[in-house]
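Data from my_file31.txt: compact mmCIF, C-alpha atoms
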# COMPACT_ATOMS: atom_id res chain seq x y z
CA MET A 1 -70.95 321.31 -153.06
CA ILE A 2 -73.83 321.00 -150.62
CA PRO A 3 -76.22 319.09 -152.96
CA ALA A 4 -73.42 316.66 -153.83
CA LEU A 5 -72.70 316.16 -150.15
CA HIS A 6 -76.36 315.44 -149.46
CA ALA A 7 -76.43 312.99 -152.36
CA ASN A 8 -73.48 311.10 -150.91
CA TYR A 9 -75.21 310.87 -147.55
CA ALA A 10 -78.33 309.53 -149.27
CA GLU A 11 -76.33 306.84 -151.05
CA LEU A 12 -74.61 305.86 -147.81
CA ASP A 13 -77.97 305.69 -146.08
CA LYS A 14 -79.30 303.32 -148.75
CA TYR A 15 -76.18 301.19 -148.44
CA TRP A 16 -76.49 300.80 -144.68
CA GLN A 17 -80.22 300.13 -144.91
CA HIS A 18 -79.43 297.32 -147.33
CA LYS A 19 -76.72 295.95 -145.03
CA ALA A 20 -79.14 296.09 -142.09
CA LYS A 21 -81.71 294.04 -144.01
CA GLU A 22 -79.05 291.48 -144.91
CA ALA A 23 -77.94 291.22 -141.29
CA GLN A 24 -81.51 290.83 -140.09
CA LYS A 25 -82.16 288.05 -142.61
CA SER A 26 -79.00 286.22 -141.52
CA ALA A 27 -79.94 286.57 -137.87
CA PHE A 28 -83.37 285.02 -138.44
CA GLN A 29 -81.81 282.15 -140.39
CA ALA A 30 -79.31 281.43 -137.60
CA TYR A 31 -81.84 281.78 -134.77
CA SER A 32 -82.32 278.74 -132.51
CA HIS A 33 -85.71 278.30 -130.85
CA ASN A 34 -84.08 276.15 -128.18
CA PRO A 35 -80.91 278.01 -127.13
CA GLU A 36 -80.29 275.63 -124.22
CA GLU A 37 -79.55 272.88 -126.76
CA VAL A 38 -76.80 275.04 -128.23
CA THR A 39 -75.23 275.84 -124.85
CA ASP A 40 -75.33 272.14 -123.95
CA SER A 41 -73.67 271.31 -127.27
CA VAL A 42 -70.79 273.69 -126.52
CA ASN A 43 -70.32 272.17 -123.08
CA LYS A 44 -70.34 268.68 -124.57
CA GLN A 45 -67.74 269.55 -127.21
CA VAL A 46 -65.42 270.97 -124.56
CA GLY A 47 -65.87 267.90 -122.38
CA VAL A 48 -65.23 265.47 -125.22
CA ASP A 49 -62.19 267.47 -126.31
CA LEU A 50 -60.69 267.38 -122.83
CA MET A 51 -61.33 263.66 -122.46
CA GLY A 52 -59.72 263.03 -125.83
CA ASN A 53 -56.76 265.04 -124.62
CA ASN A 54 -56.30 262.74 -121.59
CA GLY A 55 -58.39 264.99 -119.34
CA THR A 56 -55.49 265.39 -116.93
CA ARG A 57 -54.17 268.59 -115.43
CA ARG A 58 -51.25 269.86 -117.50
CA ASN A 59 -48.13 271.66 -116.41
CA LEU A 60 -49.11 275.27 -117.13
CA ARG A 61 -45.65 276.81 -117.01
CA LYS A 62 -44.33 278.64 -120.08
CA TYR A 63 -44.52 276.30 -123.05
CA ASN A 64 -41.99 276.32 -125.90
CA GLY A 65 -42.74 272.95 -127.47
CA PRO A 66 -44.57 272.02 -130.68
CA CYS A 67 -48.02 273.39 -131.43
CA ARG A 68 -50.66 272.25 -128.99
CA ALA A 69 -54.35 273.10 -128.83
CA GLU A 70 -56.32 273.06 -125.58
CA ASN A 71 -59.89 273.76 -126.72
CA PRO A 72 -62.09 272.56 -129.61
CA ILE A 73 -61.83 275.78 -131.64
CA ASP A 74 -58.02 275.87 -131.55
CA ARG A 75 -57.89 272.14 -132.25
CA CYS A 76 -59.83 272.70 -135.48
CA TRP A 77 -57.30 275.03 -137.10
CA ARG A 78 -54.30 276.06 -135.08
CA CYS A 79 -51.84 273.22 -135.54
CA ARG A 80 -52.26 272.90 -139.32
CA PRO A 81 -48.99 273.69 -141.12
CA ASP A 82 -50.95 275.01 -144.13
CA TRP A 83 -52.91 277.58 -142.11
CA MET A 84 -51.71 280.43 -144.36
CA LYS A 85 -53.50 278.91 -147.40
CA ASN A 86 -56.88 279.50 -145.80
CA ARG A 87 -56.64 282.22 -143.19
CA LYS A 88 -60.41 282.30 -142.79
CA ARG A 89 -60.63 278.65 -141.77
CA LEU A 90 -61.18 279.81 -138.21
CA ALA A 91 -64.70 280.89 -139.23
CA ASP A 92 -65.45 277.23 -140.06
CA CYS A 93 -64.28 276.14 -136.61
CA VAL A 94 -66.92 278.10 -134.73
CA ILE A 95 -69.04 276.35 -132.11
CA GLY A 96 -72.09 277.59 -130.26
CA PHE A 97 -74.42 280.23 -131.68
CA GLY A 98 -71.87 281.43 -134.23
CA ARG A 99 -71.80 278.10 -136.05
CA ASN A 100 -74.29 279.24 -138.73
CA THR A 101 -72.85 282.70 -139.32
CA SER A 102 -70.65 283.75 -142.24
CA GLY A 103 -68.99 286.96 -141.05
CA GLY A 104 -65.21 286.63 -141.16
CA ARG A 105 -65.48 283.92 -143.82
CA ASP A 106 -67.58 285.57 -146.52
CA GLY A 107 -67.03 289.10 -145.25
CA ALA A 108 -64.62 291.25 -143.32
CA PHE A 109 -62.99 290.37 -140.00
CA TYR A 110 -64.47 292.23 -137.06
CA LEU A 111 -64.85 292.09 -133.29
CA VAL A 112 -67.65 293.69 -131.27
CA MET A 113 -68.24 293.20 -127.55
CA LEU A 114 -71.19 295.61 -127.27
CA PHE A 115 -74.16 293.53 -128.37
CA GLY A 116 -77.21 295.45 -129.61
CA ALA A 117 -77.62 298.67 -131.57
CA ASN A 118 -79.41 300.60 -128.83
CA ASP A 119 -81.96 300.03 -126.08
CA SER A 120 -84.92 300.76 -128.37
CA HIS A 121 -83.83 298.43 -131.19
CA THR A 122 -85.97 295.50 -130.06
CA ILE A 123 -85.29 293.45 -133.21
CA ASP A 124 -82.00 292.59 -131.49
CA GLU A 125 -83.94 290.33 -129.13
CA ILE A 126 -83.20 287.49 -131.58
CA MET A 127 -79.44 287.79 -131.01
CA GLN A 128 -77.81 284.59 -129.76
CA ILE A 129 -74.12 284.78 -128.93
CA THR A 130 -71.41 282.51 -127.55
CA VAL A 131 -68.38 284.10 -125.85
CA ALA A 132 -65.83 281.35 -125.21
CA PHE A 133 -62.13 280.67 -124.50
CA ASN A 134 -61.03 284.30 -124.17
CA HIS A 135 -58.59 285.89 -121.76
CA PHE A 136 -59.75 289.31 -120.57
CA GLY A 137 -56.84 290.88 -118.74
CA GLN A 138 -54.86 293.88 -117.62
CA GLY A 139 -56.14 297.30 -118.63
CA LEU A 140 -59.67 296.28 -119.65
CA VAL A 141 -62.43 298.38 -118.12
CA GLN A 142 -65.86 296.91 -118.95
CA ARG A 143 -68.06 295.29 -121.64
CA MET A 144 -66.68 291.75 -121.67
CA PRO A 145 -69.39 291.68 -122.97
CA ARG A 146 -72.19 294.22 -122.51
CA CYS A 147 -75.52 292.97 -123.86
CA ARG A 148 -78.63 294.99 -124.61
CA PHE A 149 -80.85 292.16 -125.81
CA GLY A 150 -80.67 288.50 -126.73
CA PHE A 151 -79.34 285.25 -125.27
CA VAL A 152 -75.63 285.24 -124.43
CA HIS A 153 -73.66 282.18 -123.34
CA VAL A 154 -70.40 283.17 -121.62
CA VAL A 155 -68.38 280.00 -121.14
CA ASN A 156 -64.84 279.04 -120.08
CA ASN A 157 -63.30 282.52 -120.26
CA ASP A 158 -60.55 283.84 -118.01
CA TYR A 159 -61.21 287.25 -116.46
CA THR A 160 -58.04 288.30 -114.67
CA HIS A 161 -58.75 292.02 -114.39
CA TRP A 162 -61.35 294.73 -114.94
CA LEU A 163 -61.72 298.31 -113.74
CA MET A 164 -65.52 298.74 -113.56
CA TYR A 165 -67.26 295.43 -114.26
CA ALA A 166 -66.88 292.37 -116.49
CA ILE A 167 -70.37 291.54 -117.81
CA GLY A 168 -73.17 294.06 -118.23
CA GLY A 169 -76.58 294.57 -119.79
CA SER A 170 -79.48 296.96 -120.07
CA SER A 171 -82.59 295.65 -121.87
CA HIS A 172 -83.52 292.29 -120.35
CA PRO A 173 -80.85 290.11 -122.01
CA THR A 174 -80.45 286.51 -120.90
CA ILE A 175 -76.88 285.85 -119.75
CA ILE A 176 -75.69 282.35 -118.85
CA SER A 177 -72.22 282.32 -117.32
CA GLN A 178 -70.65 278.86 -117.07
CA GLY A 179 -67.19 277.71 -116.09
CA ASN A 180 -65.46 281.09 -116.16
CA ARG A 181 -62.77 282.31 -113.80
CA PHE A 182 -63.28 285.80 -112.37
CA ILE A 183 -60.39 287.40 -110.48
CA ALA A 184 -61.64 290.71 -109.11
CA PRO A 185 -59.43 293.83 -109.08
CA PRO A 186 -58.10 295.26 -105.80
CA ASP A 187 -60.70 298.07 -105.81
CA PRO A 188 -63.30 297.10 -103.17
CA ASN A 189 -65.98 298.91 -105.19
CA ALA A 190 -65.38 296.82 -108.33
CA LYS A 191 -65.70 293.27 -107.01
CA GLN A 192 -69.06 292.63 -108.66
CA VAL A 193 -68.75 290.84 -111.99
CA THR A 194 -72.11 292.11 -113.26
CA LYS A 195 -73.66 295.50 -113.94
CA ARG A 196 -77.24 296.32 -114.96
CA ASP A 197 -78.05 299.69 -116.50
CA TYR A 198 -81.23 301.71 -117.01
CA ALA A 199 -83.52 299.40 -115.05
CA THR A 200 -85.04 299.34 -111.59
CA THR A 201 -84.44 296.43 -109.24
CA ASP A 202 -87.99 295.23 -109.90
CA GLU A 203 -87.20 295.13 -113.62
CA TRP A 204 -83.76 293.52 -113.67
CA SER A 205 -84.65 290.98 -111.00
CA LYS A 206 -86.70 289.24 -113.70
CA TRP A 207 -83.80 289.05 -116.18
CA GLN A 208 -82.25 285.59 -116.30
CA TRP A 209 -78.60 286.08 -115.39
CA ARG A 210 -77.21 282.84 -113.98
CA SER A 211 -73.78 281.65 -112.90
CA GLU A 212 -72.90 277.95 -112.92
CA GLY A 213 -69.50 276.47 -112.16
CA ASP A 214 -67.76 279.86 -112.20
CA LEU A 215 -64.63 280.26 -110.10
CA MET A 216 -64.73 283.48 -108.06
CA MET A 217 -61.43 284.82 -106.72
CA ASN A 218 -60.23 287.87 -104.80
CA GLY A 219 -63.75 288.71 -103.67
CA ALA A 220 -65.43 288.54 -107.09
CA PHE A 221 -69.16 287.84 -107.08
CA PHE A 222 -71.85 287.38 -109.73
CA LEU A 223 -75.23 288.85 -108.80
CA GLU A 224 -77.77 286.37 -110.16
CA SER A 225 -81.35 287.14 -111.12
CA GLY A 226 -84.32 285.56 -112.85
CA GLU A 227 -85.24 281.91 -113.17
CA PRO A 228 -82.72 279.15 -112.38
CA LEU A 229 -81.27 277.18 -115.28
CA LYS A 230 -83.43 274.35 -116.53
CA LYS A 231 -82.23 270.83 -115.84
CA ASN A 232 -81.73 269.02 -119.12
CA PRO A 233 -83.72 265.76 -119.24
CA LEU A 234 -81.04 264.03 -121.32
CA SER A 235 -78.99 261.24 -119.78
CA THR A 236 -75.50 261.92 -118.44
CA LEU A 237 -74.11 260.12 -121.49
CA ASP A 238 -75.72 262.70 -123.78
CA MET A 239 -75.19 265.73 -121.61
CA ILE A 240 -71.77 266.86 -120.39
CA GLY A 241 -71.84 269.92 -118.13
CA ALA A 242 -69.65 272.97 -118.63
CA LYS A 243 -66.15 272.48 -117.33
CA PRO A 244 -65.73 274.41 -114.07
CA GLY A 245 -63.70 277.58 -113.83
CA SER A 246 -60.69 275.64 -112.53
CA TYR A 247 -60.15 274.37 -116.12
CA VAL A 248 -59.94 277.84 -117.62
CA SER A 249 -56.17 278.25 -117.34
CA ARG A 250 -55.77 275.26 -119.61
CA LEU A 251 -58.58 276.06 -122.05
CA THR A 252 -57.35 279.63 -122.61
CA ARG A 253 -53.64 278.93 -122.32
CA PHE A 254 -52.78 279.92 -125.89
CA THR A 255 -55.20 282.82 -126.35
CA GLY A 256 -53.90 286.15 -127.60
CA PRO A 257 -51.70 287.16 -130.55
CA LEU A 258 -49.95 284.29 -132.32
CA LYS A 259 -46.41 284.27 -133.67
CA CYS A 260 -47.25 282.28 -136.78
CA LYS A 261 -44.78 281.44 -139.54
CA PRO A 262 -45.71 280.10 -143.00
CA ASN A 263 -45.58 276.31 -143.38
CA LYS A 264 -45.41 275.80 -139.62
CA PRO A 265 -48.22 275.21 -137.11
CA CYS A 266 -49.14 278.32 -135.12
Output the file's structure as structure tokens, nothing else.
Amino acid sequence: MIPALHANYAELDKYWQHKAKEAQKSAFQAYSHNPEEVTDSVNKQVGVDLMGNNGTRRNLRKYNGPCRAENPIDRCWRCRPDWMKNRKRLADCVIGFGRNTSGGRDGAFYLVMLFGANDSHTIDEIMQITVAFNHFGQGLVQRMPRCRFGFVHVVNNDYTHWLMYAIGGSSHPTIISQGNRFIAPPDPNAKQVTKRDYATTDEWSKWQWRSEGDLMMNGAFFLESGEPLKKNPLSTLDMIGAKPGSYVSRLTRFTGPLKCKPNKPC
């Protein structure tokens, strides 16, 4: 029994080593040497989408009308009556750093909000991630997300509750927070949006964690560090800034589980 057990472990080890090599290859292929261009592209898509949708403030009371999409990802797939014929279409609607990935389309569905294997796995420095149009609400504690390495763009999310912190990191990740709404919990010791682990002040003060256009409520605050964001030299016609946090209620209005029925828009 024991030799067979060891053999199974060896086979599993080979399998995961192979999967790790595949993931590393995909990450290098998707890597952008100018991540600011990608973040600007996301902001532009949101701006164009809102302008094409009249750009006016909508009545945000409970909605029971026909399918309506309020952000560019939802607009790509949600209101199609034939959604059930291609349930992985959502993977083709990705914007930001995920646009060149295939997980969820060619592989299994998955969700991970802890980015990075561990604090010594420096290969994860090439990670580039977009976290957009989510509602993080009641009962959530932390890691929305938590980043060990890489470049993470957190844009137009609605944080209505957390118990410890909302966004964290530990091994000099770059975190750009734009146009989010942060509503801090009642606990006076949990008002800070950010949390840095396993680093001295001298170390984390050099990490680029920047907040731009975020809406802070109920005493929430984002402790910035590192270099300010670069000003893009493009003209205002080419560059549309992230929508401020006041737009988040609209952009995330239909997030969460969907009550979809075949042959009808979600």
Set the distance at 7 Å and use only C-alpha atoms: which residues neighbour A:Ser177 once local chain neighbours fewer than 3 positions away are removed? I'd like the list as a list in words.
His153, Val154, Val155, Asn180, Arg210, Ser211 and Glu212 of chain A
Please tabulate, as a Markdown table, the residues of stretch 101-207 of chain A that come within 8 Å of stretch 22-37 of chain A, each with its closest pair of atoms and the distance in Å to one decimal, counting all atoms listed in the file and ordering rows by chain, then residue number upward.
| residue | atom | partner | partner_atom | distance |
| --- | --- | --- | --- | --- |
| A:Thr101 | CA | A:Ala30 | CA | 6.8 |
| A:Ile126 | CA | A:Tyr31 | CA | 6.7 |
| A:Met127 | CA | A:Ala27 | CA | 7.0 |
| A:Gln128 | CA | A:Tyr31 | CA | 7.0 |
| A:Phe151 | CA | A:Pro35 | CA | 7.6 |
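Using all atoms listed in the file, the smallest distance between any of A:Tyr159, A:Tyr165, A:Trp204, A:Phe222 and A:Arg146 comes from A:Tyr165.
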Could you work out how far atom CA of A:Asp49 lies from atom CA of A:Ala184, giving the answer in Å with one decimal?
28.9 Å
Nearest residue to A:Val248 from the set A:Gln178, A:Asn156, A:Gln45, A:Asn189 (distances using only C-alpha atoms):
A:Asn156
Mind listing whatever residues come within 8 Å of the point (-67.0, 280.3, -132.7)? Use only C-alpha atoms, file coordinates, and give them as a compact mmCIF listing (two decimals) with C-alpha atoms, in the coordinates of the input.
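Printed below is selection-v9.txt as written:
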# COMPACT_ATOMS: atom_id res chain seq x y z
CA ILE A 73 -61.83 275.78 -131.64
CA ALA A 91 -64.70 280.89 -139.23
CA CYS A 93 -64.28 276.14 -136.61
CA VAL A 94 -66.92 278.10 -134.73
CA ILE A 95 -69.04 276.35 -132.11
CA GLY A 96 -72.09 277.59 -130.26
CA PHE A 97 -74.42 280.23 -131.68
CA GLY A 98 -71.87 281.43 -134.23
CA ARG A 99 -71.80 278.10 -136.05
CA THR A 130 -71.41 282.51 -127.55
CA VAL A 131 -68.38 284.10 -125.85
CA ALA A 132 -65.83 281.35 -125.21
What is the atom CA of A:Asn263 to atom CA of A:Arg68 distance in Å?
15.8 Å
For atom CA of A:Pro228 and atom CA of A:Ala117, the interatomic separation in Å (one decimal)
27.8 Å
Can you tell me which residues surround A:Asp187 at a distance of at most 12 Å, considering only C-alpha atoms, apart from same-chain residues fewer than 4 positions away, and format the answer as an MDAnalysis selection string?
chainID A and resid 161:165 183 191:192 218:220
For stretch 112-115 of chain A, list every protein, DNA or RNA residue within 7 Å, evaluated using all atoms listed in the file, and leave out those in the same chain fewer than 4 positions away; present the list as a PyMOL selection string.
chain A and resi 143-148
Determine the nearest neighbour of A:Ser225 from the options A:Ile176, A:Leu251, A:Gly245, A:His18, counting only C-alpha atoms.
A:Ile176
